[in-house]
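Undergrad: Encoded as structure tokens, here's the structure I'll be asking about.
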Amino acid sequence: MKAWDGVAYDALPLPHEQWGKRTIEALKLQPTETLLDAGCGTGRDAQLALAQLPNGNLVCVDQSTTMLDQCRTRFGDDSRVQILEGDLDHVLPVEPASIDAIMSVAALHWLTDHNNVWQHFYNALKPGGRIATDCGGFGNLAKTLALVPQIDEAIRFPDWYYANVADTEGLLKKAGFVDIEVSLRPHPTPLPDKETLATYLKTLVFRDWNDDQISKMSDLLTDNTLDYVRLEVRASKA
Ligand SMILES: C[S@@+](CC[C@H](N)C(=O)[O-])C[C@H]1O[C@@H](n2cnc3c(N)ncnc32)[C@H](O)[C@@H]1O
């Protein structure tokens with residue numbers, strides 16, 4: 001799949017910013033804590049969180065070098081911040097039991113399943129550590145994706161995994177988490193105009209499509225609205 005364009009990503013009016021704020025609020029960060037942002041992208045959400053960590057630390061993890069380049073530009077030489085390349089399907093690139101809180105926004109549905117990720121998060125957390133995550137959940141973009149065959153029946157999308165509440169609760173319990181809260185939250189997101197919608201689709205949702213396919217999808221989305229459904233997770237390590 002085509003690489004992420006971190007500069008174009010940061011220039012868009014993203015619903016991710018709202019998802020990020022909700023996620024950060026849920027963590028109730030303390031000033032000296034160490035926070036890990038899993039799938040940090042360009043670090044836009046992580047930067048918001050860092051404002052709450054004047055004497056703390058931030059570890060940003062992502063597998064995309066293009067997104068991490070933009071993330072490095074954002075944080076410059078801030079000594080509180082560590083930026084690491086890593087695949088969330090594997091063990092996190094940090095010491096076990098070294099992290100106070102883990103956030104993740106709009107990243108975990110890119111994993112083909114969640115069988116490993118919660119266990120890896122659990123192992124990275126200190127006792128009493130917390131997670132707050134957002135990602136596409138069951139039913140995410142269902143109306144949008146149902147339009148794709150009208151453009152070309154041969155188009156295949158990435159292997160997005162839109163988990164449901166019961167499966168997620170089961171995996172969190174199996175990993176050892178307590179105080180588990182999992183919910184699905186519909187968040188229909190209108191884009192301001194067709195031009196922004198097309199740029200949004202090309203930068204985020206259908207990165208491999210050509211201009212003609214993107215233009216057709218923009219036309220089919222008559223209300224300029226993406227039917228997002230967010231899977232939100234909050235849990236702690238005892
Ligand atoms: C839509 S962006 C979200 C970025 C950021 N959290 C935000 O809300 O703006 C999804 C990010 O997840 C990252 N990602 C997807 N699969 C990943 C994996 N297996 N390991 C690490 N990062 C991954 C991508 O590289 C990308 O930066």
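Residue numbering restarts at 1 for every chain of the structure tokens, chains are lettered A, B, ... in their displayed order, and ligands are numbered from 1 as they appear.
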Contacts between ligand 1 and chain A, please, where a residue of chain A counts if it comes within 8 Å (with only C-alpha atoms and all ligand atoms); show its shortest atom pair and distance in Å to one decimal, rows by chain and ascending number, as JSON lines.
TA:
```
{"residue": "A:Trp4", "atom": "CA", "partner": "ligand 1", "partner_atom_place_in_ligand_line": "25 (O)", "distance": 7.0}
{"residue": "A:Tyr9", "atom": "CA", "partner": "ligand 1", "partner_atom_place_in_ligand_line": "9 (O)", "distance": 7.9}
{"residue": "A:Asp10", "atom": "CA", "partner": "ligand 1", "partner_atom_place_in_ligand_line": "9 (O)", "distance": 7.9}
{"residue": "A:Leu14", "atom": "CA", "partner": "ligand 1", "partner_atom_place_in_ligand_line": "9 (O)", "distance": 7.8}
{"residue": "A:His16", "atom": "CA", "partner": "ligand 1", "partner_atom_place_in_ligand_line": "8 (O)", "distance": 4.9}
{"residue": "A:Glu17", "atom": "CA", "partner": "ligand 1", "partner_atom_place_in_ligand_line": "8 (O)", "distance": 6.7}
{"residue": "A:Trp19", "atom": "CA", "partner": "ligand 1", "partner_atom_place_in_ligand_line": "8 (O)", "distance": 7.4}
{"residue": "A:Gly20", "atom": "CA", "partner": "ligand 1", "partner_atom_place_in_ligand_line": "8 (O)", "distance": 6.2}
{"residue": "A:Asp37", "atom": "CA", "partner": "ligand 1", "partner_atom_place_in_ligand_line": "6 (N)", "distance": 7.4}
{"residue": "A:Ala38", "atom": "CA", "partner": "ligand 1", "partner_atom_place_in_ligand_line": "22 (N)", "distance": 6.8}
{"residue": "A:Gly39", "atom": "CA", "partner": "ligand 1", "partner_atom_place_in_ligand_line": "22 (N)", "distance": 4.1}
{"residue": "A:Cys40", "atom": "CA", "partner": "ligand 1", "partner_atom_place_in_ligand_line": "6 (N)", "distance": 4.2}
{"residue": "A:Gly41", "atom": "CA", "partner": "ligand 1", "partner_atom_place_in_ligand_line": "27 (O)", "distance": 3.4}
{"residue": "A:Thr42", "atom": "CA", "partner": "ligand 1", "partner_atom_place_in_ligand_line": "9 (O)", "distance": 6.3}
{"residue": "A:Gly43", "atom": "CA", "partner": "ligand 1", "partner_atom_place_in_ligand_line": "5 (C)", "distance": 6.4}
{"residue": "A:Arg44", "atom": "CA", "partner": "ligand 1", "partner_atom_place_in_ligand_line": "9 (O)", "distance": 5.9}
{"residue": "A:Asp45", "atom": "CA", "partner": "ligand 1", "partner_atom_place_in_ligand_line": "7 (C)", "distance": 6.1}
{"residue": "A:Ala46", "atom": "CA", "partner": "ligand 1", "partner_atom_place_in_ligand_line": "6 (N)", "distance": 8.0}
{"residue": "A:Val61", "atom": "CA", "partner": "ligand 1", "partner_atom_place_in_ligand_line": "21 (C)", "distance": 6.5}
{"residue": "A:Asp62", "atom": "CA", "partner": "ligand 1", "partner_atom_place_in_ligand_line": "22 (N)", "distance": 3.9}
{"residue": "A:Gln63", "atom": "CA", "partner": "ligand 1", "partner_atom_place_in_ligand_line": "21 (C)", "distance": 4.1}
{"residue": "A:Ser64", "atom": "CA", "partner": "ligand 1", "partner_atom_place_in_ligand_line": "25 (O)", "distance": 4.2}
{"residue": "A:Thr65", "atom": "CA", "partner": "ligand 1", "partner_atom_place_in_ligand_line": "25 (O)", "distance": 7.8}
{"residue": "A:Met67", "atom": "CA", "partner": "ligand 1", "partner_atom_place_in_ligand_line": "27 (O)", "distance": 5.5}
{"residue": "A:Leu68", "atom": "CA", "partner": "ligand 1", "partner_atom_place_in_ligand_line": "27 (O)", "distance": 7.7}
{"residue": "A:Glu85", "atom": "CA", "partner": "ligand 1", "partner_atom_place_in_ligand_line": "21 (C)", "distance": 7.6}
{"residue": "A:Gly86", "atom": "CA", "partner": "ligand 1", "partner_atom_place_in_ligand_line": "21 (C)", "distance": 5.6}
{"residue": "A:Asp87", "atom": "CA", "partner": "ligand 1", "partner_atom_place_in_ligand_line": "20 (N)", "distance": 3.5}
{"residue": "A:Leu88", "atom": "CA", "partner": "ligand 1", "partner_atom_place_in_ligand_line": "20 (N)", "distance": 3.9}
{"residue": "A:Asp89", "atom": "CA", "partner": "ligand 1", "partner_atom_place_in_ligand_line": "19 (N)", "distance": 5.4}
{"residue": "A:Ser104", "atom": "CA", "partner": "ligand 1", "partner_atom_place_in_ligand_line": "6 (N)", "distance": 6.0}
{"residue": "A:Val105", "atom": "CA", "partner": "ligand 1", "partner_atom_place_in_ligand_line": "6 (N)", "distance": 4.2}
{"residue": "A:Ala106", "atom": "CA", "partner": "ligand 1", "partner_atom_place_in_ligand_line": "3 (C)", "distance": 4.7}
{"residue": "A:Ala107", "atom": "CA", "partner": "ligand 1", "partner_atom_place_in_ligand_line": "12 (O)", "distance": 3.9}
{"residue": "A:Leu108", "atom": "CA", "partner": "ligand 1", "partner_atom_place_in_ligand_line": "16 (N)", "distance": 6.6}
{"residue": "A:His109", "atom": "CA", "partner": "ligand 1", "partner_atom_place_in_ligand_line": "16 (N)", "distance": 7.6}
{"residue": "A:Trp110", "atom": "CA", "partner": "ligand 1", "partner_atom_place_in_ligand_line": "16 (N)", "distance": 4.6}
{"residue": "A:Leu111", "atom": "CA", "partner": "ligand 1", "partner_atom_place_in_ligand_line": "19 (N)", "distance": 5.4}
{"residue": "A:Leu204", "atom": "CA", "partner": "ligand 1", "partner_atom_place_in_ligand_line": "1 (C)", "distance": 6.4}
```
Undergrad: With N, CA and C atoms retained, export the selected residues as a short mmCIF file (atom, residue, chain, number, x, y, z; two decimals), in the first residue's frame.
TA:
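Generated output (again32.cif):
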```cif
data_model
loop_
_atom_site.label_atom_id
_atom_site.label_comp_id
_atom_site.auth_asym_id
_atom_site.auth_seq_id
_atom_site.Cartn_x
_atom_site.Cartn_y
_atom_site.Cartn_z
N TRP A 4 2.02 6.56 3.82
CA TRP A 4 1.28 7.70 4.36
C TRP A 4 1.99 8.99 3.96
N TYR A 9 -1.52 14.75 5.59
CA TYR A 9 -2.33 14.29 6.73
C TYR A 9 -2.53 15.44 7.73
N ASP A 10 -1.44 16.11 8.06
CA ASP A 10 -1.52 17.17 9.07
C ASP A 10 -2.29 18.39 8.58
N LEU A 14 -9.17 16.90 10.61
CA LEU A 14 -9.40 15.48 10.91
C LEU A 14 -10.31 15.28 12.12
N HIS A 16 -10.02 12.89 13.79
CA HIS A 16 -9.07 12.25 14.70
C HIS A 16 -8.72 13.16 15.88
N GLU A 17 -8.76 14.49 15.64
CA GLU A 17 -8.41 15.40 16.74
C GLU A 17 -9.41 15.25 17.88
N TRP A 19 -11.23 12.56 18.42
CA TRP A 19 -11.02 11.22 18.99
C TRP A 19 -9.82 11.26 19.93
N GLY A 20 -8.79 11.99 19.53
CA GLY A 20 -7.59 12.11 20.36
C GLY A 20 -7.90 12.78 21.69
N ASP A 37 2.21 6.50 22.93
CA ASP A 37 1.18 6.64 21.90
C ASP A 37 1.44 5.58 20.84
N ALA A 38 0.54 4.59 20.77
CA ALA A 38 0.71 3.44 19.88
C ALA A 38 0.03 3.73 18.53
N GLY A 39 0.84 3.86 17.47
CA GLY A 39 0.31 4.28 16.17
C GLY A 39 0.16 5.79 16.17
N CYS A 40 1.25 6.46 16.58
CA CYS A 40 1.21 7.92 16.84
C CYS A 40 1.05 8.73 15.57
N GLY A 41 1.36 8.16 14.39
CA GLY A 41 1.30 8.94 13.16
C GLY A 41 2.23 10.14 13.25
N THR A 42 1.71 11.31 12.91
CA THR A 42 2.54 12.53 12.90
C THR A 42 2.69 13.14 14.29
N GLY A 43 2.03 12.55 15.30
CA GLY A 43 2.21 13.01 16.68
C GLY A 43 1.28 14.16 17.09
N ARG A 44 0.25 14.38 16.29
CA ARG A 44 -0.63 15.52 16.60
C ARG A 44 -1.34 15.31 17.94
N ASP A 45 -1.88 14.12 18.15
CA ASP A 45 -2.54 13.84 19.45
C ASP A 45 -1.52 13.79 20.58
N ALA A 46 -0.38 13.18 20.28
CA ALA A 46 0.66 13.03 21.31
C ALA A 46 1.11 14.41 21.80
N VAL A 61 5.23 5.53 19.04
CA VAL A 61 5.56 4.32 18.26
C VAL A 61 4.69 4.26 17.01
N ASP A 62 5.30 4.01 15.88
CA ASP A 62 4.55 3.83 14.63
C ASP A 62 5.43 3.02 13.68
N GLN A 63 4.79 2.39 12.68
CA GLN A 63 5.60 1.60 11.73
C GLN A 63 5.88 2.37 10.44
N SER A 64 5.27 3.55 10.30
CA SER A 64 5.42 4.30 9.05
C SER A 64 6.56 5.31 9.17
N THR A 65 7.57 5.16 8.32
CA THR A 65 8.71 6.09 8.40
C THR A 65 8.28 7.49 7.96
N MET A 67 5.33 8.93 8.39
CA MET A 67 4.61 9.57 9.51
C MET A 67 5.61 9.94 10.62
N LEU A 68 6.56 9.07 10.87
CA LEU A 68 7.54 9.35 11.93
C LEU A 68 8.44 10.53 11.57
N GLU A 85 10.36 3.38 15.83
CA GLU A 85 9.67 2.62 14.79
C GLU A 85 9.30 1.27 15.36
N GLY A 86 8.06 0.84 15.19
CA GLY A 86 7.67 -0.47 15.71
C GLY A 86 6.33 -0.90 15.16
N ASP A 87 6.14 -2.21 15.10
CA ASP A 87 4.89 -2.79 14.60
C ASP A 87 4.04 -3.19 15.81
N LEU A 88 2.83 -2.68 15.90
CA LEU A 88 1.98 -2.93 17.07
C LEU A 88 1.54 -4.38 17.18
N ASP A 89 1.77 -5.15 16.13
CA ASP A 89 1.44 -6.57 16.19
C ASP A 89 2.54 -7.35 16.92
N SER A 104 -4.01 5.22 22.04
CA SER A 104 -3.92 4.87 20.63
C SER A 104 -5.15 5.44 19.94
N VAL A 105 -4.92 6.15 18.85
CA VAL A 105 -6.04 6.80 18.14
C VAL A 105 -5.99 6.41 16.66
N ALA A 106 -7.08 5.82 16.19
CA ALA A 106 -7.26 5.53 14.76
C ALA A 106 -6.14 4.67 14.18
N ALA A 107 -5.65 3.74 14.96
CA ALA A 107 -4.54 2.90 14.47
C ALA A 107 -4.85 1.40 14.56
N LEU A 108 -5.52 0.96 15.63
CA LEU A 108 -5.57 -0.49 15.89
C LEU A 108 -6.39 -1.26 14.86
N HIS A 109 -7.30 -0.61 14.12
CA HIS A 109 -8.06 -1.35 13.11
C HIS A 109 -7.18 -1.70 11.91
N TRP A 110 -5.94 -1.16 11.86
CA TRP A 110 -5.02 -1.54 10.79
C TRP A 110 -4.38 -2.90 11.07
N LEU A 111 -4.51 -3.42 12.28
CA LEU A 111 -4.02 -4.78 12.58
C LEU A 111 -5.06 -5.77 12.08
N LEU A 204 -6.30 9.36 3.44
CA LEU A 204 -6.56 8.47 4.57
C LEU A 204 -7.19 7.13 4.21
#
```
Undergrad: Could you give me, as a list in words, the residues within 10 Å of Lys237 in chain A, counting only C-alpha atoms and dropping anything in the same chain fewer than 6 positions from it?
TA: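 Near neighbours after the sequence-gap exclusion: Asp100, Ala101, Phe121, Tyr122, Asn123, Leu125, Lys126, Pro127, Gly128, Gly129, Arg130, Ile131, Ala175, Gly176, Phe177, Val178, Asp179 and Ile180 of chain A.
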Undergrad: Which residue out of A:Thr199, A:Met1, A:Leu172, A:Asn116 has the minimum interatomic distance to Pro158 in chain A when only C-alpha atoms are used?
TA: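 Using only C-alpha atoms, Pro158 in chain A sits closest to A:Met1.
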Undergrad: From the set A:Val81, A:Val233, A:Ala11, A:Val94, which residue has the shortest atom-to-atom contact distance to Leu27 in chain A, counting only C-alpha atoms?
TA: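 Smallest distance to Leu27 in chain A is found for A:Val233.
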Undergrad: Range 23-96 of chain A: which residues are alpha helix (DSSP H) by DSSP, as a ChimeraX atom specification?
TA: /A:23-27,44-50,65-75
Undergrad: If DSSP is run on the backbone, what residues of range 37-201 of chain A are strand (DSSP E or B)? A reply as a PDB file with N, CA and C atoms, in the first residue's frame would be ideal.
TA:
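Everything below was put into out.pdb:
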```
ATOM      1  N   ASP A  37       2.209   6.498  22.932  1.00  0.00           N
ATOM      2  CA  ASP A  37       1.183   6.643  21.899  1.00  0.00           C
ATOM      3  C   ASP A  37       1.436   5.577  20.840  1.00  0.00           C
ATOM      4  N   ALA A  38       0.541   4.586  20.772  1.00  0.00           N
ATOM      5  CA  ALA A  38       0.706   3.439  19.876  1.00  0.00           C
ATOM      6  C   ALA A  38       0.035   3.731  18.531  1.00  0.00           C
ATOM      7  N   ASN A  57       7.291  11.874  30.387  1.00  0.00           N
ATOM      8  CA  ASN A  57       7.923  11.408  29.150  1.00  0.00           C
ATOM      9  C   ASN A  57       6.861  10.891  28.187  1.00  0.00           C
ATOM     10  N   LEU A  58       7.208  10.980  26.912  1.00  0.00           N
ATOM     11  CA  LEU A  58       6.308  10.520  25.863  1.00  0.00           C
ATOM     12  C   LEU A  58       7.084   9.591  24.937  1.00  0.00           C
ATOM     13  N   VAL A  59       6.506   8.407  24.691  1.00  0.00           N
ATOM     14  CA  VAL A  59       7.112   7.481  23.732  1.00  0.00           C
ATOM     15  C   VAL A  59       6.146   7.342  22.563  1.00  0.00           C
ATOM     16  N   CYS A  60       6.596   7.711  21.374  1.00  0.00           N
ATOM     17  CA  CYS A  60       5.745   7.614  20.180  1.00  0.00           C
ATOM     18  C   CYS A  60       6.185   6.398  19.371  1.00  0.00           C
ATOM     19  N   VAL A  61       5.230   5.531  19.036  1.00  0.00           N
ATOM     20  CA  VAL A  61       5.562   4.321  18.262  1.00  0.00           C
ATOM     21  C   VAL A  61       4.686   4.263  17.013  1.00  0.00           C
ATOM     22  N   ASP A  62       5.301   4.009  15.877  1.00  0.00           N
ATOM     23  CA  ASP A  62       4.547   3.830  14.629  1.00  0.00           C
ATOM     24  C   ASP A  62       5.430   3.019  13.685  1.00  0.00           C
ATOM     25  N   VAL A  81      10.707  13.429  24.748  1.00  0.00           N
ATOM     26  CA  VAL A  81      10.058  12.610  23.709  1.00  0.00           C
ATOM     27  C   VAL A  81      11.031  11.620  23.072  1.00  0.00           C
ATOM     28  N   GLN A  82      10.559  10.380  22.947  1.00  0.00           N
ATOM     29  CA  GLN A  82      11.312   9.324  22.259  1.00  0.00           C
ATOM     30  C   GLN A  82      10.444   8.855  21.094  1.00  0.00           C
ATOM     31  N   ILE A  83      10.995   8.773  19.914  1.00  0.00           N
ATOM     32  CA  ILE A  83      10.205   8.375  18.740  1.00  0.00           C
ATOM     33  C   ILE A  83      10.781   7.072  18.193  1.00  0.00           C
ATOM     34  N   LEU A  84       9.964   6.026  18.193  1.00  0.00           N
ATOM     35  CA  LEU A  84      10.465   4.683  17.865  1.00  0.00           C
ATOM     36  C   LEU A  84       9.660   4.045  16.741  1.00  0.00           C
ATOM     37  N   GLU A  85      10.364   3.384  15.828  1.00  0.00           N
ATOM     38  CA  GLU A  85       9.673   2.622  14.788  1.00  0.00           C
ATOM     39  C   GLU A  85       9.295   1.266  15.356  1.00  0.00           C
ATOM     40  N   ILE A  99       5.727   1.678  31.497  1.00  0.00           N
ATOM     41  CA  ILE A  99       4.842   2.731  30.968  1.00  0.00           C
ATOM     42  C   ILE A  99       3.652   2.939  31.917  1.00  0.00           C
ATOM     43  N   ASP A 100       3.296   4.201  32.191  1.00  0.00           N
ATOM     44  CA  ASP A 100       2.141   4.491  33.057  1.00  0.00           C
ATOM     45  C   ASP A 100       0.821   4.447  32.298  1.00  0.00           C
ATOM     46  N   ALA A 101       0.839   4.901  31.051  1.00  0.00           N
ATOM     47  CA  ALA A 101      -0.421   4.994  30.294  1.00  0.00           C
ATOM     48  C   ALA A 101      -0.140   4.804  28.810  1.00  0.00           C
ATOM     49  N   ILE A 102      -1.084   4.133  28.143  1.00  0.00           N
ATOM     50  CA  ILE A 102      -0.970   3.931  26.691  1.00  0.00           C
ATOM     51  C   ILE A 102      -2.211   4.506  26.028  1.00  0.00           C
ATOM     52  N   MET A 103      -1.989   5.343  25.016  1.00  0.00           N
ATOM     53  CA  MET A 103      -3.099   5.820  24.192  1.00  0.00           C
ATOM     54  C   MET A 103      -2.896   5.325  22.761  1.00  0.00           C
ATOM     55  N   SER A 104      -4.007   5.217  22.044  1.00  0.00           N
ATOM     56  CA  SER A 104      -3.918   4.871  20.627  1.00  0.00           C
ATOM     57  C   SER A 104      -5.148   5.442  19.942  1.00  0.00           C
ATOM     58  N   VAL A 105      -4.921   6.145  18.849  1.00  0.00           N
ATOM     59  CA  VAL A 105      -6.041   6.796  18.140  1.00  0.00           C
ATOM     60  C   VAL A 105      -5.989   6.411  16.663  1.00  0.00           C
ATOM     61  N   LEU A 125       2.884  -2.056  30.488  1.00  0.00           N
ATOM     62  CA  LEU A 125       2.403  -1.171  31.560  1.00  0.00           C
ATOM     63  C   LEU A 125       2.986  -1.535  32.917  1.00  0.00           C
ATOM     64  N   LYS A 126       3.179  -0.467  33.747  1.00  0.00           N
ATOM     65  CA  LYS A 126       3.470  -0.685  35.167  1.00  0.00           C
ATOM     66  C   LYS A 126       2.186  -1.171  35.841  1.00  0.00           C
ATOM     67  N   PRO A 127       2.278  -1.821  37.013  1.00  0.00           N
ATOM     68  CA  PRO A 127       1.056  -2.131  37.768  1.00  0.00           C
ATOM     69  C   PRO A 127       0.285  -0.827  38.012  1.00  0.00           C
ATOM     70  N   GLY A 128      -1.026  -0.862  37.830  1.00  0.00           N
ATOM     71  CA  GLY A 128      -1.843   0.348  37.982  1.00  0.00           C
ATOM     72  C   GLY A 128      -1.903   1.185  36.719  1.00  0.00           C
ATOM     73  N   GLY A 129      -1.179   0.778  35.679  1.00  0.00           N
ATOM     74  CA  GLY A 129      -1.176   1.538  34.416  1.00  0.00           C
ATOM     75  C   GLY A 129      -2.525   1.463  33.711  1.00  0.00           C
ATOM     76  N   ARG A 130      -2.764   2.434  32.821  1.00  0.00           N
ATOM     77  CA  ARG A 130      -4.072   2.507  32.142  1.00  0.00           C
ATOM     78  C   ARG A 130      -3.907   2.534  30.619  1.00  0.00           C
ATOM     79  N   ILE A 131      -4.948   2.076  29.942  1.00  0.00           N
ATOM     80  CA  ILE A 131      -5.008   2.261  28.486  1.00  0.00           C
ATOM     81  C   ILE A 131      -6.290   2.995  28.128  1.00  0.00           C
ATOM     82  N   ALA A 132      -6.216   3.833  27.106  1.00  0.00           N
ATOM     83  CA  ALA A 132      -7.407   4.426  26.487  1.00  0.00           C
ATOM     84  C   ALA A 132      -7.151   4.416  24.989  1.00  0.00           C
ATOM     85  N   THR A 133      -8.024   3.748  24.257  1.00  0.00           N
ATOM     86  CA  THR A 133      -7.796   3.633  22.812  1.00  0.00           C
ATOM     87  C   THR A 133      -9.067   3.938  22.036  1.00  0.00           C
ATOM     88  N   ASP A 134      -8.844   4.388  20.816  1.00  0.00           N
ATOM     89  CA  ASP A 134      -9.912   4.632  19.838  1.00  0.00           C
ATOM     90  C   ASP A 134      -9.466   3.967  18.544  1.00  0.00           C
ATOM     91  N   CYS A 135     -10.419   3.284  17.883  1.00  0.00           N
ATOM     92  CA  CYS A 135     -10.129   2.825  16.510  1.00  0.00           C
ATOM     93  C   CYS A 135     -11.457   2.542  15.829  1.00  0.00           C
ATOM     94  N   GLY A 136     -11.408   2.263  14.529  1.00  0.00           N
ATOM     95  CA  GLY A 136     -12.625   1.884  13.841  1.00  0.00           C
ATOM     96  C   GLY A 136     -13.191   0.625  14.482  1.00  0.00           C
ATOM     97  N   GLY A 137     -14.514   0.625  14.734  1.00  0.00           N
ATOM     98  CA  GLY A 137     -15.149  -0.530  15.359  1.00  0.00           C
ATOM     99  C   GLY A 137     -16.198  -1.148  14.447  1.00  0.00           C
ATOM    100  N   ALA A 163     -13.362  -4.430  15.178  1.00  0.00           N
ATOM    101  CA  ALA A 163     -13.722  -5.361  16.252  1.00  0.00           C
ATOM    102  C   ALA A 163     -15.045  -4.972  16.914  1.00  0.00           C
ATOM    103  N   PHE A 177      -6.430  -7.461  31.992  1.00  0.00           N
ATOM    104  CA  PHE A 177      -6.903  -6.120  32.347  1.00  0.00           C
ATOM    105  C   PHE A 177      -8.103  -6.184  33.295  1.00  0.00           C
ATOM    106  N   VAL A 178      -8.248  -5.110  34.100  1.00  0.00           N
ATOM    107  CA  VAL A 178      -9.421  -4.933  34.971  1.00  0.00           C
ATOM    108  C   VAL A 178     -10.047  -3.569  34.656  1.00  0.00           C
ATOM    109  N   ASP A 179     -11.161  -3.266  35.317  1.00  0.00           N
ATOM    110  CA  ASP A 179     -11.878  -1.993  35.083  1.00  0.00           C
ATOM    111  C   ASP A 179     -12.095  -1.752  33.580  1.00  0.00           C
ATOM    112  N   ILE A 180     -12.582  -2.787  32.915  1.00  0.00           N
ATOM    113  CA  ILE A 180     -12.695  -2.745  31.447  1.00  0.00           C
ATOM    114  C   ILE A 180     -13.978  -2.035  31.026  1.00  0.00           C
ATOM    115  N   GLU A 181     -13.846  -1.069  30.151  1.00  0.00           N
ATOM    116  CA  GLU A 181     -15.019  -0.419  29.538  1.00  0.00           C
ATOM    117  C   GLU A 181     -14.789  -0.414  28.032  1.00  0.00           C
ATOM    118  N   VAL A 182     -15.737  -1.014  27.295  1.00  0.00           N
ATOM    119  CA  VAL A 182     -15.623  -1.049  25.833  1.00  0.00           C
ATOM    120  C   VAL A 182     -16.938  -0.577  25.250  1.00  0.00           C
ATOM    121  N   SER A 183     -16.892   0.325  24.274  1.00  0.00           N
ATOM    122  CA  SER A 183     -18.145   0.780  23.662  1.00  0.00           C
ATOM    123  C   SER A 183     -17.937   1.086  22.181  1.00  0.00           C
ATOM    124  N   LEU A 184     -19.064   1.060  21.462  1.00  0.00           N
ATOM    125  CA  LEU A 184     -19.072   1.469  20.054  1.00  0.00           C
ATOM    126  C   LEU A 184     -19.795   2.806  19.978  1.00  0.00           C
ATOM    127  N   ARG A 185     -19.196   3.789  19.335  1.00  0.00           N
ATOM    128  CA  ARG A 185     -19.771   5.135  19.309  1.00  0.00           C
ATOM    129  C   ARG A 185     -19.854   5.614  17.849  1.00  0.00           C
ATOM    130  N   PRO A 186     -21.080   5.685  17.291  1.00  0.00           N
ATOM    131  CA  PRO A 186     -21.194   6.215  15.925  1.00  0.00           C
ATOM    132  C   PRO A 186     -20.748   7.676  15.892  1.00  0.00           C
ATOM    133  N   HIS A 187     -19.956   8.031  14.892  1.00  0.00           N
ATOM    134  CA  HIS A 187     -19.515   9.422  14.768  1.00  0.00           C
ATOM    135  C   HIS A 187     -19.531   9.851  13.292  1.00  0.00           C
ATOM    136  N   PRO A 188     -20.759  10.061  12.737  1.00  0.00           N
ATOM    137  CA  PRO A 188     -20.837  10.505  11.343  1.00  0.00           C
ATOM    138  C   PRO A 188     -20.081  11.824  11.185  1.00  0.00           C
ATOM    139  N   THR A 189     -19.224  11.898  10.175  1.00  0.00           N
ATOM    140  CA  THR A 189     -18.318  13.049  10.050  1.00  0.00           C
ATOM    141  C   THR A 189     -18.476  13.718   8.695  1.00  0.00           C
ATOM    142  N   PRO A 190     -19.146  14.877   8.657  1.00  0.00           N
ATOM    143  CA  PRO A 190     -19.246  15.603   7.386  1.00  0.00           C
ATOM    144  C   PRO A 190     -17.953  16.361   7.077  1.00  0.00           C
TER     145      PRO A 190
END
```
Undergrad: How many Å lie between CA of Ala235 in chain A and CA of Ala142 in chain A, rounded to one decimal?
TA: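 Pair CA of Ala235 in chain A / CA of Ala142 in chain A returns 27.2 Å.
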Undergrad: Name the closest residue to His120 in chain A among the candidates A:Lys174, A:Gly6, A:Leu145, A:Thr66; distances are taken between atoms, counting only C-alpha atoms.
TA: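 The shortest atom-to-atom distance to His120 in chain A comes from A:Lys174.
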Undergrad: For CA of Thr203 in chain A and CA of Arg230 in chain A, determine how far apart the two atoms are, in Å to one decimal place.
TA: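 Computed distance, CA of Thr203 in chain A to CA of Arg230 in chain A, equals 19.4 Å.
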